[in-house]
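input-v5.cif (mmCIF, C-alpha atoms) appears below.
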```cif
data_my_file
loop_
_atom_site.label_atom_id
_atom_site.label_comp_id
_atom_site.auth_asym_id
_atom_site.auth_seq_id
_atom_site.Cartn_x
_atom_site.Cartn_y
_atom_site.Cartn_z
CA MET Z 99 53.85 -30.84 41.75
CA SER Z 100 50.42 -32.14 42.86
CA VAL Z 101 47.71 -30.15 44.63
CA ALA Z 102 44.91 -31.29 46.91
CA GLY Z 103 42.76 -34.08 45.59
CA GLY Z 104 45.50 -35.28 43.24
CA ALA Z 105 44.68 -32.72 40.55
CA ARG Z 106 47.59 -31.25 38.56
CA GLU Z 107 48.51 -27.60 38.46
CA PRO Z 108 47.47 -25.80 35.28
CA THR Z 109 50.06 -26.05 32.54
CA ASP Z 110 51.97 -22.87 31.73
CA SER Z 111 50.78 -22.11 28.21
CA SER Z 112 54.21 -20.78 27.25
CA ARG Z 113 55.64 -24.27 27.82
CA ALA Z 114 52.79 -26.27 26.33
CA LEU Z 115 53.68 -28.78 23.65
CA PRO Z 116 52.31 -27.93 20.21
CA SER Z 117 49.46 -30.02 18.96
CA ARG Z 118 50.36 -32.80 16.55
CA ASP Z 119 48.45 -31.01 13.82
CA ASN Z 120 50.89 -28.09 14.01
CA VAL Z 121 54.15 -30.00 14.25
CA GLN Z 122 56.27 -29.69 11.10
CA PRO Z 123 58.45 -32.74 10.41
CA PRO Z 124 62.14 -32.07 9.93
CA PRO Z 125 63.45 -32.27 6.37
CA LEU Z 126 64.81 -35.66 5.37
CA VAL Z 127 67.57 -34.01 3.34
CA GLU Z 128 69.72 -31.05 4.38
CA PRO Z 129 68.33 -28.12 2.35
CA GLY Z 130 71.82 -27.00 1.32
CA ALA Z 131 73.00 -30.46 0.31
CA THR Z 132 74.24 -31.19 -3.20
CA LEU Z 133 72.54 -34.22 -4.75
CA VAL Z 134 74.36 -36.46 -7.19
CA PRO Z 135 73.23 -35.42 -10.70
CA ALA Z 136 71.28 -37.93 -12.76
CA ALA Z 137 73.87 -37.75 -15.54
CA GLU Z 138 76.62 -38.75 -13.10
CA VAL Z 139 74.72 -41.80 -11.92
CA ALA Z 140 73.73 -42.78 -15.46
CA GLY Z 141 77.34 -42.67 -16.63
CA ARG Z 142 78.56 -44.70 -13.67
CA LEU Z 143 75.90 -47.37 -14.16
CA ALA Z 144 76.75 -47.56 -17.86
CA GLY Z 145 80.39 -48.14 -16.95
CA LEU Z 146 79.46 -50.91 -14.53
CA GLN Z 147 77.19 -52.53 -17.12
CA ALA Z 148 79.97 -52.50 -19.69
CA GLY Z 149 82.17 -54.32 -17.22
CA LEU Z 150 79.46 -56.88 -16.51
CA ALA Z 151 79.02 -57.53 -20.22
CA ALA Z 152 82.76 -57.98 -20.73
CA ARG Z 153 82.81 -60.68 -18.05
CA GLY Z 154 79.61 -62.43 -19.11
CA LEU Z 155 77.76 -61.49 -15.92
CA GLU Z 156 74.01 -60.95 -16.05
CA ALA Z 157 73.75 -58.50 -13.16
CA ALA Z 158 75.41 -56.99 -10.10
CA LEU Z 159 73.97 -56.53 -6.63
CA ILE Z 160 75.53 -53.55 -4.83
CA VAL Z 161 75.15 -53.14 -1.06
CA GLN Z 162 78.23 -51.40 0.43
CA ASN Z 163 77.65 -47.77 1.40
CA ALA Z 164 80.37 -46.07 -0.66
CA ASP Z 165 79.41 -48.08 -3.74
CA LEU Z 166 75.70 -47.50 -3.14
CA TYR Z 167 76.29 -43.77 -3.02
CA TYR Z 168 78.46 -43.87 -6.13
CA PHE Z 169 75.90 -45.74 -8.22
CA SER Z 170 72.62 -44.47 -6.73
CA GLY Z 171 73.24 -41.20 -4.87
CA THR Z 172 71.97 -42.53 -1.54
CA VAL Z 173 73.20 -44.69 1.33
CA GLN Z 174 69.78 -45.69 2.56
CA ARG Z 175 69.88 -49.42 3.41
CA SER Z 176 69.33 -51.02 0.02
CA PHE Z 177 70.09 -53.63 -2.59
CA LEU Z 178 70.97 -51.93 -5.87
CA TYR Z 179 70.24 -54.37 -8.69
CA VAL Z 180 72.09 -53.51 -11.89
CA PRO Z 181 71.24 -55.72 -14.89
CA VAL Z 182 73.77 -56.05 -17.68
CA ALA Z 183 71.34 -54.08 -19.85
CA GLY Z 184 68.34 -51.94 -18.94
CA ALA Z 185 67.38 -49.87 -15.94
CA ALA Z 186 68.73 -50.47 -12.44
CA THR Z 187 66.40 -50.81 -9.45
CA LEU Z 188 67.06 -49.75 -5.88
CA PHE Z 189 65.28 -52.05 -3.41
CA VAL Z 190 65.21 -50.08 -0.16
CA ARG Z 191 64.83 -51.67 3.26
CA LYS Z 192 65.23 -48.36 5.14
CA LEU Z 193 64.31 -45.55 4.32
CA ALA Z 194 62.51 -45.52 0.96
CA ALA Z 195 60.98 -42.06 1.38
CA ARG Z 196 64.43 -40.58 1.93
CA ALA Z 197 66.01 -42.58 -0.89
CA ARG Z 198 63.45 -41.13 -3.33
CA LEU Z 199 64.52 -37.63 -2.32
CA GLU Z 200 68.24 -38.33 -2.49
CA SER Z 201 68.60 -40.58 -5.53
CA PRO Z 202 68.01 -39.64 -9.18
CA LEU Z 203 67.03 -43.25 -9.97
CA THR Z 204 63.45 -43.71 -11.08
CA GLY Z 205 63.28 -47.38 -10.11
CA ILE Z 206 63.04 -47.26 -6.31
CA VAL Z 207 61.05 -50.00 -4.59
CA GLU Z 208 60.34 -50.40 -0.89
CA LEU Z 209 61.54 -53.79 0.37
CA GLU Z 210 59.83 -55.09 3.48
CA SER Z 211 62.14 -58.10 3.79
CA PRO Z 212 65.16 -59.43 1.89
CA ARG Z 213 63.12 -62.61 1.39
CA ASP Z 214 60.93 -60.64 -1.02
CA LEU Z 215 63.86 -59.76 -3.29
CA PRO Z 216 63.69 -62.81 -5.63
CA ARG Z 217 59.96 -62.36 -6.18
CA LEU Z 218 60.32 -58.65 -6.91
CA LEU Z 219 63.17 -59.28 -9.34
CA ARG Z 220 61.06 -61.83 -11.25
CA GLU Z 221 58.20 -59.34 -11.42
CA ARG Z 222 60.41 -56.51 -12.73
CA TYR Z 223 62.86 -58.42 -14.91
CA GLY Z 224 61.04 -61.63 -15.86
CA ALA Z 225 63.65 -64.05 -14.50
CA LEU Z 226 66.41 -64.35 -11.92
CA PRO Z 227 70.03 -63.96 -13.00
CA ARG Z 228 72.32 -66.97 -13.04
CA ARG Z 229 75.69 -65.17 -12.90
CA VAL Z 230 75.74 -62.27 -10.46
CA GLY Z 231 78.50 -59.90 -9.38
CA LEU Z 232 78.86 -59.08 -5.68
CA GLU Z 233 81.31 -56.86 -3.78
CA LEU Z 234 83.12 -59.89 -2.39
CA ASP Z 235 86.09 -57.77 -1.31
CA VAL Z 236 83.95 -56.18 1.42
CA LEU Z 237 80.73 -58.22 1.73
CA PRO Z 238 80.42 -59.93 5.14
CA VAL Z 239 80.27 -63.72 5.02
CA ALA Z 240 76.88 -63.73 6.77
CA GLU Z 241 75.42 -61.47 4.07
CA TYR Z 242 76.96 -63.62 1.35
CA ARG Z 243 75.39 -66.75 2.80
CA ARG Z 244 72.02 -65.00 3.05
CA LEU Z 245 72.19 -64.15 -0.65
CA GLN Z 246 73.16 -67.75 -1.46
CA LYS Z 247 69.96 -68.91 0.24
CA LEU Z 248 67.88 -66.31 -1.57
CA PHE Z 249 69.39 -67.20 -4.98
CA PRO Z 250 70.37 -70.88 -4.76
CA ALA Z 251 70.70 -71.27 -8.55
CA ALA Z 252 72.98 -68.24 -8.99
CA ALA Z 253 76.77 -68.29 -9.33
CA PHE Z 254 78.34 -65.32 -7.57
CA GLU Z 255 81.54 -63.62 -8.71
CA ASP Z 256 83.48 -60.68 -7.33
CA VAL Z 257 82.91 -57.25 -8.89
CA GLY Z 258 84.26 -55.31 -5.92
CA ARG Z 259 87.67 -54.83 -7.46
CA ASP Z 260 86.05 -53.84 -10.77
CA VAL Z 261 84.08 -51.17 -8.92
CA VAL Z 262 87.20 -49.91 -7.17
CA ARG Z 263 89.01 -49.62 -10.49
CA GLN Z 264 86.07 -47.76 -12.04
CA ARG Z 265 85.88 -45.36 -9.10
CA ALA Z 266 89.62 -44.60 -9.37
CA VAL Z 267 88.99 -42.20 -12.27
CA LYS Z 268 87.02 -39.20 -11.08
CA SER Z 269 84.61 -37.08 -13.08
CA PRO Z 270 84.90 -33.27 -13.00
CA TRP Z 271 81.89 -33.25 -10.65
CA GLU Z 272 83.72 -35.55 -8.23
CA VAL Z 273 86.88 -33.46 -8.41
CA GLU Z 274 84.86 -30.42 -7.37
CA ARG Z 275 83.65 -32.32 -4.30
CA ILE Z 276 87.25 -33.22 -3.43
CA ARG Z 277 88.24 -29.58 -3.87
CA ALA Z 278 85.48 -28.62 -1.42
CA ALA Z 279 86.91 -31.06 1.11
CA ALA Z 280 90.40 -29.67 0.53
CA ALA Z 281 89.13 -26.15 1.17
CA ILE Z 282 88.11 -27.22 4.68
CA ALA Z 283 91.64 -28.46 5.38
CA VAL Z 284 93.19 -25.25 4.11
CA ALA Z 285 90.80 -23.11 6.16
CA VAL Z 286 91.39 -25.10 9.34
CA CYS Z 287 95.13 -24.96 8.75
CA GLU Z 288 94.99 -21.16 8.88
CA LEU Z 289 93.22 -21.31 12.25
CA ILE Z 290 95.76 -23.54 13.99
CA PRO Z 291 98.21 -20.77 14.99
CA GLY Z 292 95.39 -19.26 17.05
CA ILE Z 293 94.54 -22.62 18.65
CA LEU Z 294 97.89 -24.30 19.32
CA ARG Z 295 99.31 -23.41 22.72
CA GLU Z 296 101.49 -24.91 25.38
CA GLY Z 297 99.75 -26.96 28.07
CA LEU Z 298 96.87 -28.26 25.96
CA THR Z 299 96.73 -32.02 25.71
CA GLU Z 300 96.71 -33.50 22.23
CA ALA Z 301 93.10 -34.55 22.85
CA GLU Z 302 92.10 -31.01 23.81
CA LEU Z 303 93.90 -29.57 20.80
CA ALA Z 304 92.20 -32.07 18.50
CA GLY Z 305 88.78 -31.21 19.93
CA LEU Z 306 89.28 -27.50 19.27
CA VAL Z 307 90.51 -28.14 15.74
CA GLU Z 308 87.71 -30.60 14.99
CA ALA Z 309 85.10 -28.10 16.19
CA GLN Z 310 86.32 -25.64 13.57
CA ALA Z 311 86.27 -28.37 10.93
CA ARG Z 312 82.67 -29.25 11.75
CA ARG Z 313 81.70 -25.58 11.62
CA LEU Z 314 83.14 -25.46 8.11
CA GLY Z 315 81.23 -28.52 6.94
CA HIS Z 316 83.41 -31.56 7.72
CA GLU Z 317 81.05 -34.54 7.72
CA GLY Z 318 83.07 -36.52 10.25
CA VAL Z 319 82.86 -40.03 8.76
CA ILE Z 320 86.02 -41.23 7.01
CA ARG Z 321 85.23 -44.34 5.01
CA MET Z 322 87.91 -46.97 4.37
CA ARG Z 323 87.54 -50.14 2.34
CA GLY Z 324 90.32 -52.13 3.99
CA PHE Z 325 89.17 -54.60 6.64
CA ASN Z 326 89.56 -53.20 10.17
CA GLN Z 327 91.05 -49.94 8.87
CA GLU Z 328 89.51 -47.06 10.79
CA MET Z 329 90.28 -43.39 11.26
CA PHE Z 330 88.81 -40.32 12.94
CA TYR Z 331 89.67 -37.01 11.24
CA GLY Z 332 93.32 -38.01 10.78
CA GLN Z 333 96.31 -37.64 13.09
CA MET Z 334 97.29 -34.59 15.17
CA LEU Z 335 100.47 -35.71 16.87
CA THR Z 336 103.01 -33.59 18.74
CA GLY Z 337 106.67 -34.20 19.41
CA VAL Z 338 107.62 -37.82 20.07
CA SER Z 339 103.96 -38.93 19.80
CA GLY Z 340 104.57 -39.13 16.06
CA THR Z 341 106.98 -42.03 16.57
CA ALA Z 342 104.37 -44.34 18.13
CA ALA Z 343 103.54 -46.96 15.48
CA SER Z 344 100.47 -49.19 15.52
CA TYR Z 345 98.37 -51.58 13.43
CA LEU Z 346 96.95 -48.91 11.11
CA ASP Z 347 98.33 -49.03 7.58
CA THR Z 348 99.83 -45.55 7.77
CA PRO Z 349 103.35 -44.25 8.49
CA LEU Z 350 102.07 -42.38 11.57
CA ALA Z 351 99.67 -43.68 14.20
CA GLY Z 352 100.08 -42.31 17.72
CA THR Z 353 99.10 -44.12 20.91
CA GLY Z 354 95.44 -43.13 20.96
CA LEU Z 355 93.60 -42.82 24.26
CA SER Z 356 93.41 -46.57 24.89
CA PRO Z 357 94.33 -49.95 23.37
CA ALA Z 358 90.72 -50.20 22.18
CA ILE Z 359 91.53 -47.68 19.44
CA ALA Z 360 95.37 -47.71 19.47
CA GLN Z 361 95.83 -44.72 17.17
CA GLY Z 362 95.47 -40.97 17.20
CA VAL Z 363 95.87 -38.33 19.88
CA SER Z 364 96.89 -38.97 23.48
CA PHE Z 365 96.63 -37.11 26.78
CA LYS Z 366 100.22 -35.94 26.35
CA PRO Z 367 100.52 -32.17 26.97
CA VAL Z 368 101.90 -29.98 24.22
CA LEU Z 369 105.28 -28.61 25.34
CA ARG Z 370 107.42 -25.69 24.26
CA GLY Z 371 109.60 -26.96 21.39
CA ASP Z 372 107.07 -29.58 20.29
CA HIS Z 373 106.02 -29.66 16.66
CA LEU Z 374 102.55 -30.60 15.48
CA VAL Z 375 102.06 -32.98 12.57
CA PHE Z 376 98.67 -31.87 11.29
CA ASP Z 377 97.70 -34.89 9.17
CA PHE Z 378 94.09 -34.06 8.37
CA VAL Z 379 91.43 -35.89 6.36
CA PRO Z 380 88.54 -33.53 5.50
CA VAL Z 381 85.28 -34.93 4.13
CA ARG Z 382 82.68 -32.90 2.26
CA GLU Z 383 79.62 -34.27 0.45
CA GLY Z 384 81.05 -37.76 0.88
CA TYR Z 385 84.40 -37.00 -0.78
CA ILE Z 386 87.79 -37.01 0.90
CA ALA Z 387 91.03 -35.06 0.57
CA ASP Z 388 94.23 -35.70 2.54
CA PHE Z 389 96.67 -33.11 3.77
CA THR Z 390 99.65 -32.70 6.14
CA ARG Z 391 101.34 -29.54 7.38
CA ILE Z 392 103.80 -28.85 10.21
CA PHE Z 393 103.53 -26.32 13.05
CA VAL Z 394 105.99 -25.82 15.91
CA LEU Z 395 105.86 -24.10 19.29
CA GLY Z 396 109.19 -22.34 19.09
CA GLU Z 397 111.91 -23.67 16.79
CA LEU Z 398 112.22 -27.02 15.07
CA PRO Z 399 115.38 -29.08 15.78
CA GLY Z 400 117.82 -29.19 12.89
CA GLU Z 401 117.49 -32.93 12.25
CA LEU Z 402 113.73 -32.63 11.81
CA ARG Z 403 114.08 -29.57 9.60
CA ARG Z 404 116.55 -31.39 7.34
CA ALA Z 405 114.19 -34.35 7.09
CA TYR Z 406 111.32 -32.01 6.19
CA GLU Z 407 113.36 -30.41 3.43
CA ALA Z 408 114.14 -33.92 2.14
CA ALA Z 409 110.40 -34.72 2.11
CA LEU Z 410 109.76 -31.63 0.00
CA ARG Z 411 112.47 -32.68 -2.47
CA ILE Z 412 111.02 -36.19 -2.73
CA GLN Z 413 107.55 -34.74 -3.32
CA ALA Z 414 108.90 -32.49 -6.07
CA ALA Z 415 110.69 -35.40 -7.79
CA VAL Z 416 107.59 -37.61 -7.77
CA VAL Z 417 105.34 -34.79 -8.99
CA ALA Z 418 107.74 -34.03 -11.85
CA ALA Z 419 107.72 -37.70 -12.95
CA ALA Z 420 103.99 -38.43 -12.57
CA ARG Z 421 101.72 -38.36 -15.62
CA PRO Z 422 99.25 -40.69 -17.34
CA GLY Z 423 100.88 -44.00 -18.27
CA VAL Z 424 103.54 -43.93 -15.54
CA THR Z 425 103.31 -46.93 -13.21
CA CYS Z 426 102.89 -46.68 -9.47
CA ARG Z 427 106.02 -48.83 -9.16
CA ALA Z 428 108.14 -46.27 -11.03
CA LEU Z 429 107.06 -43.48 -8.68
CA TYR Z 430 107.49 -45.65 -5.59
CA ASP Z 431 111.00 -46.69 -6.62
CA LEU Z 432 111.87 -43.08 -7.40
CA ALA Z 433 110.82 -41.99 -3.90
CA LEU Z 434 112.67 -44.85 -2.19
CA GLY Z 435 115.80 -44.04 -4.16
CA ALA Z 436 115.54 -40.37 -3.26
CA ALA Z 437 115.14 -41.18 0.45
CA ASP Z 438 118.22 -43.40 0.23
CA ASP Z 439 120.17 -40.61 -1.45
CA GLU Z 440 119.21 -38.35 1.45
CA GLY Z 441 120.60 -40.93 3.89
CA LEU Z 442 117.14 -41.35 5.42
CA ALA Z 443 115.87 -44.61 3.92
CA ALA Z 444 115.64 -46.32 7.33
CA PHE Z 445 113.22 -43.63 8.52
CA PHE Z 446 111.17 -43.15 5.36
CA MET Z 447 107.43 -43.86 5.67
CA GLY Z 448 107.88 -45.08 9.22
CA HIS Z 449 110.67 -46.73 11.16
CA GLY Z 450 111.39 -50.38 11.95
CA ALA Z 451 108.24 -52.49 12.19
CA GLY Z 452 106.16 -49.36 11.66
CA GLN Z 453 107.35 -48.75 8.09
CA VAL Z 454 104.74 -48.99 5.33
CA ARG Z 455 105.33 -49.91 1.70
CA PHE Z 456 103.65 -47.08 -0.12
CA ILE Z 457 104.17 -43.36 -0.60
CA GLY Z 458 100.64 -42.38 -1.53
CA HIS Z 459 97.07 -43.58 -1.98
CA GLY Z 460 93.96 -42.74 -3.94
CA VAL Z 461 91.22 -40.68 -2.32
CA GLY Z 462 87.56 -40.24 -3.18
CA LEU Z 463 84.60 -41.71 -1.36
CA GLU Z 464 87.09 -43.81 0.62
CA LEU Z 465 90.53 -43.00 1.99
CA ASP Z 466 92.21 -46.10 0.58
CA GLU Z 467 91.23 -45.97 -3.09
CA LEU Z 468 93.33 -46.61 -6.18
CA PRO Z 469 95.95 -45.72 -7.21
CA VAL Z 470 98.20 -46.88 -4.37
CA LEU Z 471 101.74 -45.67 -4.99
CA THR Z 472 103.53 -48.90 -4.16
CA ALA Z 473 105.33 -51.68 -6.03
CA SER Z 474 102.39 -52.05 -8.42
CA ASP Z 475 102.23 -52.00 -12.21
CA LEU Z 476 98.95 -50.04 -12.19
CA LYS Z 477 99.37 -47.04 -14.48
CA LEU Z 478 98.22 -43.54 -13.66
CA ALA Z 479 95.28 -42.35 -15.74
CA GLU Z 480 93.84 -38.92 -16.32
CA GLY Z 481 91.20 -38.19 -13.68
CA MET Z 482 92.80 -40.20 -10.89
CA VAL Z 483 93.19 -38.38 -7.57
CA PHE Z 484 95.72 -39.40 -4.95
CA ALA Z 485 97.45 -38.19 -1.81
CA LEU Z 486 101.25 -38.18 -1.94
CA GLU Z 487 102.77 -38.28 1.55
CA PRO Z 488 106.57 -38.48 1.86
CA LYS Z 489 107.17 -38.66 5.62
CA PHE Z 490 109.96 -39.56 8.01
CA VAL Z 491 109.85 -40.97 11.53
CA LEU Z 492 112.97 -40.12 13.56
CA PRO Z 493 113.18 -42.07 16.85
CA GLY Z 494 113.41 -39.79 19.86
CA LEU Z 495 112.48 -36.71 17.84
CA GLY Z 496 109.13 -37.29 16.13
CA ALA Z 497 107.58 -37.61 12.72
CA ILE Z 498 107.69 -35.04 9.95
CA GLY Z 499 106.74 -34.69 6.32
CA VAL Z 500 104.31 -33.24 3.85
CA GLU Z 501 101.14 -34.49 2.18
CA ASN Z 502 99.06 -33.11 -0.63
CA THR Z 503 96.18 -34.30 -2.76
CA TRP Z 504 96.83 -34.27 -6.52
CA LEU Z 505 94.74 -34.65 -9.68
CA VAL Z 506 96.24 -36.52 -12.63
CA THR Z 507 95.77 -34.41 -15.75
CA ALA Z 508 96.73 -35.06 -19.37
CA THR Z 509 100.09 -33.39 -18.85
CA GLY Z 510 100.97 -34.19 -15.24
CA LEU Z 511 99.67 -33.42 -11.75
CA ALA Z 512 97.52 -30.53 -10.55
CA LEU Z 513 97.58 -29.57 -6.88
CA ILE Z 514 94.24 -29.72 -5.04
CA THR Z 515 95.35 -28.95 -1.45
CA ASP Z 516 96.83 -25.56 -2.30
CA ALA Z 517 98.26 -24.18 0.97
CA PRO Z 518 101.72 -22.92 1.94
CA GLU Z 519 104.13 -25.74 2.77
CA HIS Z 520 106.59 -23.88 4.98
CA ILE Z 521 106.86 -24.88 8.64
CA ARG Z 522 104.73 -22.51 10.73
CA GLU Z 523 106.36 -21.33 13.95
CA VAL Z 524 103.80 -20.46 16.62
CA GLY Z 525 104.45 -18.40 19.75
#
```
For the structure just supplied, provide its representation as structure tokens.
Amino acid sequence: MSVAGGAREPTDSSRALPSRDNVQPPPLVEPGATLVPAAEVAGRLAGLQAGLAARGLEAALIVQNADLYYFSGTVQRSFLYVPVAGAATLFVRKLAARARLESPLTGIVELESPRDLPRLLRERYGALPRRVGLELDVLPVAEYRRLQKLFPAAAFEDVGRDVVRQRAVKSPWEVERIRAAAAIAVAVCELIPGILREGLTEAELAGLVEAQARRLGHEGVIRMRGFNQEMFYGQMLTGVSGTAASYLDTPLAGTGLSPAIAQGVSFKPVLRGDHLVFDFVPVREGYIADFTRIFVLGELPGELRRAYEAALRIQAAVVAAARPGVTCRALYDLALGAADDEGLAAFFMGHGAGQVRFIGHGVGLELDELPVLTASDLKLAEGMVFALEPKFVLPGLGAIGVENTWLVTATGLALITDAPEHIREVG
């Protein structure tokens, strides 16, 4: 408000902005965050270099976020150059100061422009590589063409699938991160009976549940490697919502709030007699677990209960058969045969056009990692982590099933998402 002569009223000192000299910048890294240990990164880079040597490649250039984090401990916008022998260098476009705090790598160089990359590589390594591995399974065409212009004499080959195979086997440190994610799911699961009530819309219910997950440390971003595969927290579908199939490569989808997303919760109100499929994907320190439990407002119809009991039997059969050396195909065929024996094959892992051809998938830094339990000859190996999700979709009734995250050990499977599996009746 102005006073006579255009002068301003005196500023209330209690509301005055602090001087720039006294302003403390916020930390670039969350003080409680766990950084990737140097030994983890060193071992991962050594594994990648061994793969490069076996294929006769001179170097790899890593740019995708999940892979960057795996090999460098940071997702700051970078090119990670990994020679077949010697030290890797992280060329950071944004933000080098933060990358130096987050990454254990000693070779971190600020990159003003990608055009400077060839010159900097010559300075650090003496020459440019002629055979280079790129993540061609995920690298956008525009980025690929930019690299072709920067390195016109180089031949590029795909190392994306090599990286995915390497990441399939988790270290004990990674397993602990996945266990931390699983703990969020288990804790949220225990809160649902106090949240679920008649009259809430699915969207309102999801918001209340997600608020608790964030309070417990859920990081919110669920990374997926598959093109155009997206997900937000998972699926929280009630009643017949669970029968709505969509494009997403999952047995359950839901309508979502609009065709722009076409998956997830709707504005459908939760009704007495509805059951909730709590298919939840917690993320902690970058690592993912996957988990499904069932809640019901009242009593569950007999057909759904019988299907749920069948899902538990299928899970038990697969878990009993799984161990290092067993193929994904063997487990997939076992589950399909068991669903057929239950008389539910037509509804297993979806219904009609919505059926999917897998019963489980690897989890880690991405939701769709190896191993995928499908008609594949990939063999389980000690250290792999996957979600097993036998589910049924019964038209007119809804979806139902169970999902847990498992660690492959030397003797079989160890449960990571350790929470009661019985159907929880609420209210």
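We find atom CA of Ala253 of chain Z and atom CA of Leu155 of chain Z to be spaced 9.5 Å apart.
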_For this structure, which residues satisfy the selection - the PyMOL selection byres ((chain Z and resi 450-455) around 8) - when it is evaluated on the file as given? I want them as a PyMOL selection string._
chain Z and resi 343-344+347-349+444-449+456-457+472-473
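Comparing the minimum interatomic distances between Gly324 of chain Z and each of Z:Leu248, Z:Glu467, Z:Ile386, Z:Asp377, counting all atoms listed in the file, we find that Z:Glu467 sits nearest.
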*asked:* Once the PyMOL selection byres ((chain Z and resi 169-171) around 9) is applied to the coordinates I shared, what remains selected? I want it as a PyMOL selection string.
replied: chain Z and resi 133-136+138-140+142-143+146+160+164-168+172-173+178+188+197+200-203
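Atom CA of Ala437 of chain Z to atom CA of Pro399 of chain Z spans 19.5 Å [interatomic distance, one decimal].
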*Can you list what the PyMOL selection byres ((chain Z and resi 213) around 12) grabs from this structure, as a ChimeraX atom specification?*
/Z:189,191,209-212,214-219,244-249
*Given the choices Z:Leu442, Z:Leu434, Z:Ala309, Z:Val273, which gets closest to Val483 of chain Z if the distance is worked out from all atoms listed in the file?*
Z:Val273
*State, in Å with one decimal place, the distance from atom CA of Ile392 of chain Z to atom CA of Tyr430 of chain Z.*
23.4 Å
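Distance check against Glu480 of chain Z using all atoms listed in the file: of Z:Ala358, Z:Leu226, Z:Ala266, Z:Val381, the minimum falls on Z:Ala266.
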